[in-house]
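The next block is input01.pdb, given as PDB, C-alpha atoms and all ligand atoms.
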ATOM      1  CA  LEU A   1      26.453 -18.484  -5.634  1.00  0.00           C
ATOM      2  CA  LEU A   2      23.145 -16.752  -4.849  1.00  0.00           C
ATOM      3  CA  SER A   3      20.353 -16.970  -7.428  1.00  0.00           C
ATOM      4  CA  PRO A   4      19.347 -13.732  -9.198  1.00  0.00           C
ATOM      5  CA  VAL A   5      16.496 -11.636  -7.803  1.00  0.00           C
ATOM      6  CA  ILE A   6      14.195  -9.046  -9.357  1.00  0.00           C
ATOM      7  CA  THR A   7      12.417  -6.888  -6.770  1.00  0.00           C
ATOM      8  CA  ILE A   8       9.132  -5.140  -7.523  1.00  0.00           C
ATOM      9  CA  ASP A   9       8.042  -2.723  -4.816  1.00  0.00           C
ATOM     10  CA  GLY A  10       5.291  -0.161  -4.779  1.00  0.00           C
ATOM     11  CA  PRO A  11       2.082   1.034  -3.177  1.00  0.00           C
ATOM     12  CA  THR A  12      -1.207  -0.823  -2.849  1.00  0.00           C
ATOM     13  CA  ALA A  13      -2.840  -1.830  -6.159  1.00  0.00           C
ATOM     14  CA  SER A  14       0.004  -0.455  -8.292  1.00  0.00           C
ATOM     15  CA  GLY A  15      -0.066  -3.697 -10.290  1.00  0.00           C
ATOM     16  CA  LYS A  16       2.980  -5.247  -8.552  1.00  0.00           C
ATOM     17  CA  GLY A  17       1.336  -8.596  -7.991  1.00  0.00           C
ATOM     18  CA  THR A  18       0.237  -9.066 -11.597  1.00  0.00           C
ATOM     19  CA  VAL A  19       3.509  -7.806 -13.071  1.00  0.00           C
ATOM     20  CA  ALA A  20       5.741  -9.765 -10.673  1.00  0.00           C
ATOM     21  CA  HIS A  21       3.787 -12.967 -11.202  1.00  0.00           C
ATOM     22  CA  ARG A  22       3.945 -12.697 -15.004  1.00  0.00           C
ATOM     23  CA  VAL A  23       7.653 -11.812 -15.047  1.00  0.00           C
ATOM     24  CA  ALA A  24       8.347 -14.855 -12.852  1.00  0.00           C
ATOM     25  CA  LYS A  25       6.348 -17.049 -15.217  1.00  0.00           C
ATOM     26  CA  HIS A  26       8.214 -15.751 -18.311  1.00  0.00           C
ATOM     27  CA  LEU A  27      11.586 -16.444 -16.705  1.00  0.00           C
ATOM     28  CA  GLY A  28      10.591 -19.680 -14.970  1.00  0.00           C
ATOM     29  CA  TYR A  29      11.556 -18.056 -11.656  1.00  0.00           C
ATOM     30  CA  HIS A  30      10.073 -18.476  -8.197  1.00  0.00           C
ATOM     31  CA  TYR A  31       7.665 -15.816  -6.993  1.00  0.00           C
ATOM     32  CA  LEU A  32       7.419 -14.245  -3.535  1.00  0.00           C
ATOM     33  CA  ASP A  33       4.287 -12.300  -2.630  1.00  0.00           C
ATOM     34  CA  SER A  34       5.662 -10.838   0.591  1.00  0.00           C
ATOM     35  CA  GLY A  35       2.404  -8.999   1.315  1.00  0.00           C
ATOM     36  CA  ALA A  36       0.763 -12.406   1.688  1.00  0.00           C
ATOM     37  CA  LEU A  37       3.035 -13.128   4.672  1.00  0.00           C
ATOM     38  CA  TYR A  38       1.900  -9.951   6.440  1.00  0.00           C
ATOM     39  CA  ARG A  39      -1.700 -10.775   5.498  1.00  0.00           C
ATOM     40  CA  LEU A  40      -1.366 -14.351   6.814  1.00  0.00           C
ATOM     41  CA  THR A  41       0.114 -13.097  10.075  1.00  0.00           C
ATOM     42  CA  ALA A  42      -2.768 -10.629  10.443  1.00  0.00           C
ATOM     43  CA  LEU A  43      -5.327 -13.353   9.680  1.00  0.00           C
ATOM     44  CA  MET A  44      -3.712 -15.676  12.186  1.00  0.00           C
ATOM     45  CA  ALA A  45      -3.790 -12.926  14.846  1.00  0.00           C
ATOM     46  CA  GLN A  46      -7.447 -12.304  14.080  1.00  0.00           C
ATOM     47  CA  ASN A  47      -8.298 -16.027  14.297  1.00  0.00           C
ATOM     48  CA  LYS A  48      -6.464 -16.359  17.613  1.00  0.00           C
ATOM     49  CA  GLY A  49      -7.936 -13.165  19.067  1.00  0.00           C
ATOM     50  CA  VAL A  50      -4.523 -11.483  19.388  1.00  0.00           C
ATOM     51  CA  ALA A  51      -4.670  -7.650  19.427  1.00  0.00           C
ATOM     52  CA  LEU A  52      -3.046  -6.050  16.363  1.00  0.00           C
ATOM     53  CA  ASP A  53      -0.717  -3.948  18.555  1.00  0.00           C
ATOM     54  CA  ASP A  54       0.548  -6.844  20.718  1.00  0.00           C
ATOM     55  CA  GLU A  55       4.036  -6.824  19.187  1.00  0.00           C
ATOM     56  CA  PRO A  56       5.616  -9.819  21.007  1.00  0.00           C
ATOM     57  CA  ALA A  57       2.563 -12.051  20.481  1.00  0.00           C
ATOM     58  CA  ILE A  58       2.271 -11.179  16.777  1.00  0.00           C
ATOM     59  CA  ALA A  59       6.016 -11.565  16.234  1.00  0.00           C
ATOM     60  CA  ALA A  60       5.746 -15.046  17.775  1.00  0.00           C
ATOM     61  CA  LEU A  61       2.975 -15.934  15.304  1.00  0.00           C
ATOM     62  CA  ALA A  62       5.027 -14.569  12.387  1.00  0.00           C
ATOM     63  CA  ARG A  63       8.156 -16.483  13.427  1.00  0.00           C
ATOM     64  CA  ALA A  64       6.365 -19.836  13.127  1.00  0.00           C
ATOM     65  CA  LEU A  65       3.819 -19.038  10.436  1.00  0.00           C
ATOM     66  CA  PRO A  66       2.189 -22.395   9.549  1.00  0.00           C
ATOM     67  CA  CYS A  67       1.622 -21.469   5.883  1.00  0.00           C
ATOM     68  CA  ARG A  68       2.159 -23.192   2.552  1.00  0.00           C
ATOM     69  CA  PHE A  69       2.033 -21.930  -1.021  1.00  0.00           C
ATOM     70  CA  ASP A  70       0.783 -24.502  -3.479  1.00  0.00           C
ATOM     71  CA  HIS A  71       0.003 -23.806  -7.169  1.00  0.00           C
ATOM     72  CA  GLY A  72      -1.459 -20.363  -6.521  1.00  0.00           C
ATOM     73  CA  HIS A  73      -3.236 -21.502  -3.363  1.00  0.00           C
ATOM     74  CA  VAL A  74      -2.366 -20.194   0.092  1.00  0.00           C
ATOM     75  CA  LEU A  75      -2.847 -22.477   3.078  1.00  0.00           C
ATOM     76  CA  LEU A  76      -2.781 -21.509   6.740  1.00  0.00           C
ATOM     77  CA  GLU A  77      -2.741 -24.413   9.208  1.00  0.00           C
ATOM     78  CA  ASP A  78      -3.729 -26.607   6.237  1.00  0.00           C
ATOM     79  CA  VAL A  79      -6.865 -24.538   5.545  1.00  0.00           C
ATOM     80  CA  ASP A  80      -7.197 -22.939   2.083  1.00  0.00           C
ATOM     81  CA  VAL A  81      -7.360 -19.178   2.780  1.00  0.00           C
ATOM     82  CA  THR A  82      -6.561 -17.992  -0.784  1.00  0.00           C
ATOM     83  CA  ASP A  83      -9.624 -15.716  -1.024  1.00  0.00           C
ATOM     84  CA  GLU A  84      -9.932 -14.829   2.647  1.00  0.00           C
ATOM     85  CA  VAL A  85      -6.376 -13.503   2.797  1.00  0.00           C
ATOM     86  CA  ARG A  86      -7.015 -11.085  -0.133  1.00  0.00           C
ATOM     87  CA  ALA A  87      -9.941  -9.319   1.611  1.00  0.00           C
ATOM     88  CA  GLU A  88      -9.549  -5.537   1.986  1.00  0.00           C
ATOM     89  CA  ALA A  89     -10.023  -5.779   5.771  1.00  0.00           C
ATOM     90  CA  ILE A  90      -7.085  -8.200   6.008  1.00  0.00           C
ATOM     91  CA  GLY A  91      -4.968  -5.820   3.881  1.00  0.00           C
ATOM     92  CA  VAL A  92      -5.712  -3.036   6.319  1.00  0.00           C
ATOM     93  CA  ALA A  93      -4.939  -5.303   9.328  1.00  0.00           C
ATOM     94  CA  ALA A  94      -1.693  -6.377   7.590  1.00  0.00           C
ATOM     95  CA  SER A  95      -0.607  -2.750   7.229  1.00  0.00           C
ATOM     96  CA  LYS A  96      -1.187  -2.271  10.978  1.00  0.00           C
ATOM     97  CA  ILE A  97       1.026  -5.168  12.063  1.00  0.00           C
ATOM     98  CA  ALA A  98       3.586  -4.264   9.351  1.00  0.00           C
ATOM     99  CA  VAL A  99       4.618  -1.180  11.354  1.00  0.00           C
ATOM    100  CA  LEU A 100       5.944  -3.455  14.141  1.00  0.00           C
ATOM    101  CA  GLN A 101       9.727  -3.916  13.892  1.00  0.00           C
ATOM    102  CA  GLU A 102       9.739  -7.301  15.688  1.00  0.00           C
ATOM    103  CA  VAL A 103       7.135  -8.634  13.272  1.00  0.00           C
ATOM    104  CA  ARG A 104       9.175  -7.484  10.257  1.00  0.00           C
ATOM    105  CA  LYS A 105      12.295  -9.120  11.730  1.00  0.00           C
ATOM    106  CA  ALA A 106      10.378 -12.345  12.353  1.00  0.00           C
ATOM    107  CA  LEU A 107       9.512 -12.599   8.636  1.00  0.00           C
ATOM    108  CA  VAL A 108      13.009 -11.983   7.212  1.00  0.00           C
ATOM    109  CA  ASP A 109      14.287 -15.579   7.104  1.00  0.00           C
ATOM    110  CA  LEU A 110      11.084 -16.877   5.543  1.00  0.00           C
ATOM    111  CA  GLN A 111      11.293 -14.255   2.771  1.00  0.00           C
ATOM    112  CA  VAL A 112      14.982 -14.916   2.097  1.00  0.00           C
ATOM    113  CA  SER A 113      14.255 -18.663   1.864  1.00  0.00           C
ATOM    114  CA  PHE A 114      12.299 -18.059  -1.374  1.00  0.00           C
ATOM    115  CA  ARG A 115      15.575 -17.222  -3.168  1.00  0.00           C
ATOM    116  CA  ASN A 116      16.221 -20.470  -4.972  1.00  0.00           C
ATOM    117  CA  THR A 117      17.621 -21.545  -8.301  1.00  0.00           C
ATOM    118  CA  PRO A 118      17.025 -20.489 -11.090  1.00  0.00           C
ATOM    119  CA  GLY A 119      15.903 -17.145  -9.589  1.00  0.00           C
ATOM    120  CA  LEU A 120      13.228 -15.142  -7.785  1.00  0.00           C
ATOM    121  CA  VAL A 121      10.831 -12.297  -8.469  1.00  0.00           C
ATOM    122  CA  ALA A 122       9.797 -10.707  -5.156  1.00  0.00           C
ATOM    123  CA  ASP A 123       7.008  -8.180  -4.716  1.00  0.00           C
ATOM    124  CA  GLY A 124       6.291  -5.999  -1.702  1.00  0.00           C
ATOM    125  CA  ARG A 125       7.251  -2.703  -0.090  1.00  0.00           C
ATOM    126  CA  ASP A 126      10.845  -3.288   1.075  1.00  0.00           C
ATOM    127  CA  MET A 127      12.113  -6.055  -1.223  1.00  0.00           C
ATOM    128  CA  GLY A 128      14.775  -3.825  -2.840  1.00  0.00           C
ATOM    129  CA  THR A 129      15.588  -1.736   0.229  1.00  0.00           C
ATOM    130  CA  VAL A 130      15.733  -4.315   3.066  1.00  0.00           C
ATOM    131  CA  ILE A 131      15.224  -7.969   2.108  1.00  0.00           C
ATOM    132  CA  PHE A 132      17.204  -8.250  -1.160  1.00  0.00           C
ATOM    133  CA  PRO A 133      19.482  -5.178  -1.263  1.00  0.00           C
ATOM    134  CA  ASP A 134      21.791  -7.010  -3.719  1.00  0.00           C
ATOM    135  CA  ALA A 135      19.013  -7.701  -6.289  1.00  0.00           C
ATOM    136  CA  GLN A 136      20.076  -7.656  -9.960  1.00  0.00           C
ATOM    137  CA  LEU A 137      17.117  -5.452 -10.896  1.00  0.00           C
ATOM    138  CA  LYS A 138      14.925  -3.271  -8.683  1.00  0.00           C
ATOM    139  CA  ILE A 139      11.652  -1.829  -9.901  1.00  0.00           C
ATOM    140  CA  PHE A 140       9.409   0.638  -8.091  1.00  0.00           C
ATOM    141  CA  LEU A 141       5.903   0.586  -9.586  1.00  0.00           C
ATOM    142  CA  THR A 142       3.698   3.603  -9.092  1.00  0.00           C
ATOM    143  CA  ALA A 143       0.320   4.736 -10.402  1.00  0.00           C
ATOM    144  CA  SER A 144      -2.055   7.545  -9.486  1.00  0.00           C
ATOM    145  CA  ALA A 145      -4.423   6.853  -6.558  1.00  0.00           C
ATOM    146  CA  GLU A 146      -7.363   7.029  -8.996  1.00  0.00           C
ATOM    147  CA  ALA A 147      -5.843   4.494 -11.402  1.00  0.00           C
ATOM    148  CA  ARG A 148      -5.083   2.156  -8.493  1.00  0.00           C
ATOM    149  CA  ALA A 149      -8.521   2.506  -6.907  1.00  0.00           C
ATOM    150  CA  SER A 150     -10.291   1.836 -10.208  1.00  0.00           C
ATOM    151  CA  ARG A 151      -8.166  -1.307 -10.770  1.00  0.00           C
ATOM    152  CA  ARG A 152      -9.000  -2.565  -7.290  1.00  0.00           C
ATOM    153  CA  TYR A 153     -12.662  -1.716  -7.926  1.00  0.00           C
ATOM    154  CA  LYS A 154     -12.701  -3.822 -11.122  1.00  0.00           C
ATOM    155  CA  GLN A 155     -10.977  -6.752  -9.379  1.00  0.00           C
ATOM    156  CA  LEU A 156     -13.547  -6.754  -6.566  1.00  0.00           C
ATOM    157  CA  ILE A 157     -16.559  -6.438  -8.886  1.00  0.00           C
ATOM    158  CA  GLU A 158     -15.203  -9.280 -11.068  1.00  0.00           C
ATOM    159  CA  LYS A 159     -15.037 -11.454  -7.955  1.00  0.00           C
ATOM    160  CA  GLY A 160     -18.662 -10.564  -7.177  1.00  0.00           C
ATOM    161  CA  ILE A 161     -17.659  -8.511  -4.125  1.00  0.00           C
ATOM    162  CA  SER A 162     -19.473  -5.181  -3.800  1.00  0.00           C
ATOM    163  CA  ALA A 163     -17.207  -2.132  -3.663  1.00  0.00           C
ATOM    164  CA  ASN A 164     -17.494   1.592  -3.244  1.00  0.00           C
ATOM    165  CA  MET A 165     -15.064   3.743  -5.229  1.00  0.00           C
ATOM    166  CA  GLU A 166     -14.990   6.600  -2.718  1.00  0.00           C
ATOM    167  CA  ASN A 167     -14.191   4.246   0.190  1.00  0.00           C
ATOM    168  CA  LEU A 168     -11.555   2.459  -1.891  1.00  0.00           C
ATOM    169  CA  VAL A 169      -9.694   5.709  -2.640  1.00  0.00           C
ATOM    170  CA  LYS A 170      -9.903   6.670   1.060  1.00  0.00           C
ATOM    171  CA  ASP A 171      -8.612   3.253   2.292  1.00  0.00           C
ATOM    172  CA  LEU A 172      -5.844   3.252  -0.295  1.00  0.00           C
ATOM    173  CA  ILE A 173      -4.593   6.711   0.659  1.00  0.00           C
ATOM    174  CA  GLU A 174      -4.727   5.809   4.377  1.00  0.00           C
ATOM    175  CA  ARG A 175      -2.861   2.541   3.827  1.00  0.00           C
ATOM    176  CA  ASP A 176      -0.184   4.279   1.676  1.00  0.00           C
ATOM    177  CA  ALA A 177       0.250   6.929   4.363  1.00  0.00           C
ATOM    178  CA  ARG A 178       0.731   4.236   7.043  1.00  0.00           C
ATOM    179  CA  ASP A 179       3.178   2.292   4.833  1.00  0.00           C
ATOM    180  CA  SER A 180       5.168   5.430   3.922  1.00  0.00           C
ATOM    181  CA  ALA A 181       5.258   7.112   7.342  1.00  0.00           C
ATOM    182  CA  ARG A 182       6.393   4.128   9.444  1.00  0.00           C
ATOM    183  CA  THR A 183       9.965   4.121  10.694  1.00  0.00           C
ATOM    184  CA  ALA A 184      10.472   0.363  10.103  1.00  0.00           C
ATOM    185  CA  ALA A 185      11.192  -0.228   6.404  1.00  0.00           C
ATOM    186  CA  PRO A 186       8.950   2.529   5.010  1.00  0.00           C
ATOM    187  CA  LEU A 187       7.595   2.349   1.480  1.00  0.00           C
ATOM    188  CA  LYS A 188      10.127   4.251  -0.601  1.00  0.00           C
ATOM    189  CA  PRO A 189      12.096   3.481  -3.757  1.00  0.00           C
ATOM    190  CA  SER A 190      15.620   2.163  -3.314  1.00  0.00           C
ATOM    191  CA  PRO A 191      18.040   4.776  -4.746  1.00  0.00           C
ATOM    192  CA  ASP A 192      19.049   2.237  -7.414  1.00  0.00           C
ATOM    193  CA  ALA A 193      15.462   1.301  -8.400  1.00  0.00           C
ATOM    194  CA  ILE A 194      13.901   2.063 -11.779  1.00  0.00           C
ATOM    195  CA  ILE A 195      10.599   3.907 -11.293  1.00  0.00           C
ATOM    196  CA  LEU A 196       7.826   2.722 -13.573  1.00  0.00           C
ATOM    197  CA  ASP A 197       4.502   4.591 -13.618  1.00  0.00           C
ATOM    198  CA  THR A 198       1.732   2.240 -14.716  1.00  0.00           C
ATOM    199  CA  SER A 199      -1.157   4.764 -14.702  1.00  0.00           C
ATOM    200  CA  GLU A 200      -1.215   4.899 -18.506  1.00  0.00           C
ATOM    201  CA  ILE A 201       0.203   1.496 -19.512  1.00  0.00           C
ATOM    202  CA  THR A 202      -1.145  -2.048 -19.408  1.00  0.00           C
ATOM    203  CA  ALA A 203       0.225  -4.761 -17.145  1.00  0.00           C
ATOM    204  CA  GLU A 204       1.635  -6.513 -20.234  1.00  0.00           C
ATOM    205  CA  GLN A 205       3.572  -3.375 -21.268  1.00  0.00           C
ATOM    206  CA  ALA A 206       4.976  -3.150 -17.742  1.00  0.00           C
ATOM    207  CA  VAL A 207       6.002  -6.836 -17.933  1.00  0.00           C
ATOM    208  CA  GLN A 208       7.785  -6.241 -21.264  1.00  0.00           C
ATOM    209  CA  ASN A 209       9.652  -3.246 -19.786  1.00  0.00           C
ATOM    210  CA  VAL A 210      10.827  -5.291 -16.811  1.00  0.00           C
ATOM    211  CA  LEU A 211      11.936  -8.208 -19.011  1.00  0.00           C
ATOM    212  CA  GLU A 212      13.923  -5.838 -21.282  1.00  0.00           C
ATOM    213  CA  TRP A 213      15.638  -4.182 -18.331  1.00  0.00           C
ATOM    214  CA  PHE A 214      16.434  -7.583 -16.841  1.00  0.00           C
ATOM    215  CA  ALA A 215      17.898  -8.852 -20.137  1.00  0.00           C
ATOM    216  CA  LYS A 216      20.328  -5.902 -20.034  1.00  0.00           C
ATOM    217  CA  THR A 217      21.622  -6.982 -16.615  1.00  0.00           C
ATOM    218  CA  GLN A 218      22.541 -10.445 -17.918  1.00  0.00           C
TER
HETATM  219  O1  LIG B 301       0.959  -6.016  -0.931  1.00  0.00           O
HETATM  220  P1  LIG B 301      -0.197  -6.235  -0.019  1.00  0.00           P
HETATM  221  O2  LIG B 301      -1.315  -5.252  -0.207  1.00  0.00           O
HETATM  222  O3  LIG B 301      -0.684  -7.637  -0.054  1.00  0.00           O
HETATM  223  O4  LIG B 301       0.388  -6.004   1.453  1.00  0.00           O
HETATM  224  C1  LIG B 301      -0.448  -5.854   2.572  1.00  0.00           C
HETATM  225  C2  LIG B 301       0.251  -4.932   3.596  1.00  0.00           C
HETATM  226  O5  LIG B 301       1.413  -5.614   4.088  1.00  0.00           O
HETATM  227  C3  LIG B 301       0.763  -3.625   3.008  1.00  0.00           C
HETATM  228  O6  LIG B 301      -0.199  -2.565   3.084  1.00  0.00           O
HETATM  229  C4  LIG B 301       1.970  -3.322   3.873  1.00  0.00           C
HETATM  230  O7  LIG B 301       1.608  -2.614   5.035  1.00  0.00           O
HETATM  231  C5  LIG B 301       2.470  -4.680   4.315  1.00  0.00           C
HETATM  232  N1  LIG B 301       3.680  -5.104   3.601  1.00  0.00           N
HETATM  233  C6  LIG B 301       4.887  -4.659   4.069  1.00  0.00           C
HETATM  234  N2  LIG B 301       6.043  -5.076   3.475  1.00  0.00           N
HETATM  235  C7  LIG B 301       6.005  -5.901   2.428  1.00  0.00           C
HETATM  236  C8  LIG B 301       4.776  -6.347   1.903  1.00  0.00           C
HETATM  237  C9  LIG B 301       3.613  -5.918   2.515  1.00  0.00           C
HETATM  238  O8  LIG B 301       4.934  -3.885   5.013  1.00  0.00           O
HETATM  239  N3  LIG B 301       7.158  -6.307   1.888  1.00  0.00           N
END

Would it be possible to restate this file's structure as structure tokens?
Ligand code: C5P
Amino acid sequence: LLSPVITIDGPTASGKGTVAHRVAKHLGYHYLDSGALYRLTALMAQNKGVALDDEPAIAALARALPCRFDHGHVLLEDVDVTDEVRAEAIGVAASKIAVLQEVRKALVDLQVSFRNTPGLVADGRDMGTVIFPDAQLKIFLTASAEARASRRYKQLIEKGISANMENLVKDLIERDARDSARTAAPLKPSPDAIILDTSEITAEQAVQNVLEWFAKTQ
């Protein structure tokens, strides 16, 4: 029998990561940050000097991604890249390689392998639509572009990274457009997903909502 899955999809900086991580912690479930896999592939391509539109070469990197996840740390070829992989520039590069169908295909098995007992919370863009279509609960998190940009701004400032609000809004809108317009697994809610707008609620309120909805599926 397959372990239960909760999918949390949504646009950049909608709060998916925080909410998914906390829900997983509450339930004692595994957590898949699928965006990290696209980010790691992009970082690997950058390190190896592979062009971001070289589909076969990038798919080959994705198919044998030498990454490990260890207590909140992300390792690529045994190097700790936890901070590096979260950089805005890597997010943008990730969204460029994420349009490539062969790259998406190359990452399917790795994503599915995170589904282990007692269960999984998976966050991304296509968790409910493509990777785990049989999930017990599917959430689509949204928030206004302004709310998302100001969250990202706070995160960056807290980390001591300088940020410009105007550029953040522009990058966010561009990245959303690329994620939504692509033909391969575009960002869109699964018809059976619950849409949760987090513009006006805290992450903790969103977590409580998800946990209540999940309890009803049990
Ligand atoms: O979620 P995160 O911002 O880390 O994802 C980085 C990029 O990876 C996204 O902008 C998107 O283009 C891509 N991605 C994807 N499918 C996923 C997760 C991320 O296409 N399931």

Residues near range 99-108 of chain A, cut-off 6 Å, all atoms listed in the file, skip fewer than 2 positions along chain, as a PyMOL selection string: chain A and resi 59+62-63+96-97+110-111+182+184

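Residue nearest ligand LIG 301 (chain B) within the list A:Val79, A:Leu156, A:Val74, A:Val85: A:Val85 [criterion: smallest interatomic distance, only C-alpha atoms and all ligand atoms].
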
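Taking all atoms listed in the file into account, ligand LIG 301 (chain B) lies nearest to A:Leu37 out of the set A:Val81, A:Leu211, A:Ala51, A:Leu37.
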
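Taking only C-alpha atoms and all ligand atoms into account, ligand LIG 301 (chain B) has within 6 Å the residues Thr12, Ser34, Gly35, Ala36, Tyr38, Arg39, Gly91, Ala94, Ser95, Ala98, Gly124, Arg125, Asp126, Met127, Arg175 and Asp179 of chain A.
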
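Comparing the minimum interatomic distances between Tyr31 in chain A and each of A:Ala89, A:Phe114, A:Val50, A:Asn164, counting all atoms listed in the file, we find that A:Phe114 sits nearest.
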
Output of the PyMOL selection byres (((chain A and resi 21-25) around 9) and not hetatm), listed as an mmCIF file with C-alpha atoms, in the frame of the given file:
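Result file follows (out_26.cif):
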data_model
loop_
_atom_site.group_PDB
_atom_site.id
_atom_site.type_symbol
_atom_site.label_atom_id
_atom_site.label_comp_id
_atom_site.auth_asym_id
_atom_site.auth_seq_id
_atom_site.Cartn_x
_atom_site.Cartn_y
_atom_site.Cartn_z
ATOM 1 C CA ILE A 6 14.195 -9.046 -9.357
ATOM 2 C CA LYS A 16 2.980 -5.247 -8.552
ATOM 3 C CA GLY A 17 1.336 -8.596 -7.991
ATOM 4 C CA THR A 18 0.237 -9.066 -11.597
ATOM 5 C CA VAL A 19 3.509 -7.806 -13.071
ATOM 6 C CA ALA A 20 5.741 -9.765 -10.673
ATOM 7 C CA HIS A 26 8.214 -15.751 -18.311
ATOM 8 C CA LEU A 27 11.586 -16.444 -16.705
ATOM 9 C CA GLY A 28 10.591 -19.680 -14.970
ATOM 10 C CA TYR A 29 11.556 -18.056 -11.656
ATOM 11 C CA HIS A 30 10.073 -18.476 -8.197
ATOM 12 C CA TYR A 31 7.665 -15.816 -6.993
ATOM 13 C CA LEU A 32 7.419 -14.245 -3.535
ATOM 14 C CA ASP A 33 4.287 -12.300 -2.630
ATOM 15 C CA GLY A 119 15.903 -17.145 -9.589
ATOM 16 C CA LEU A 120 13.228 -15.142 -7.785
ATOM 17 C CA VAL A 121 10.831 -12.297 -8.469
ATOM 18 C CA ALA A 122 9.797 -10.707 -5.156
ATOM 19 C CA ASP A 123 7.008 -8.180 -4.716
ATOM 20 C CA GLU A 204 1.635 -6.513 -20.234
ATOM 21 C CA VAL A 207 6.002 -6.836 -17.933
ATOM 22 C CA GLN A 208 7.785 -6.241 -21.264
ATOM 23 C CA VAL A 210 10.827 -5.291 -16.811
ATOM 24 C CA LEU A 211 11.936 -8.208 -19.011
#
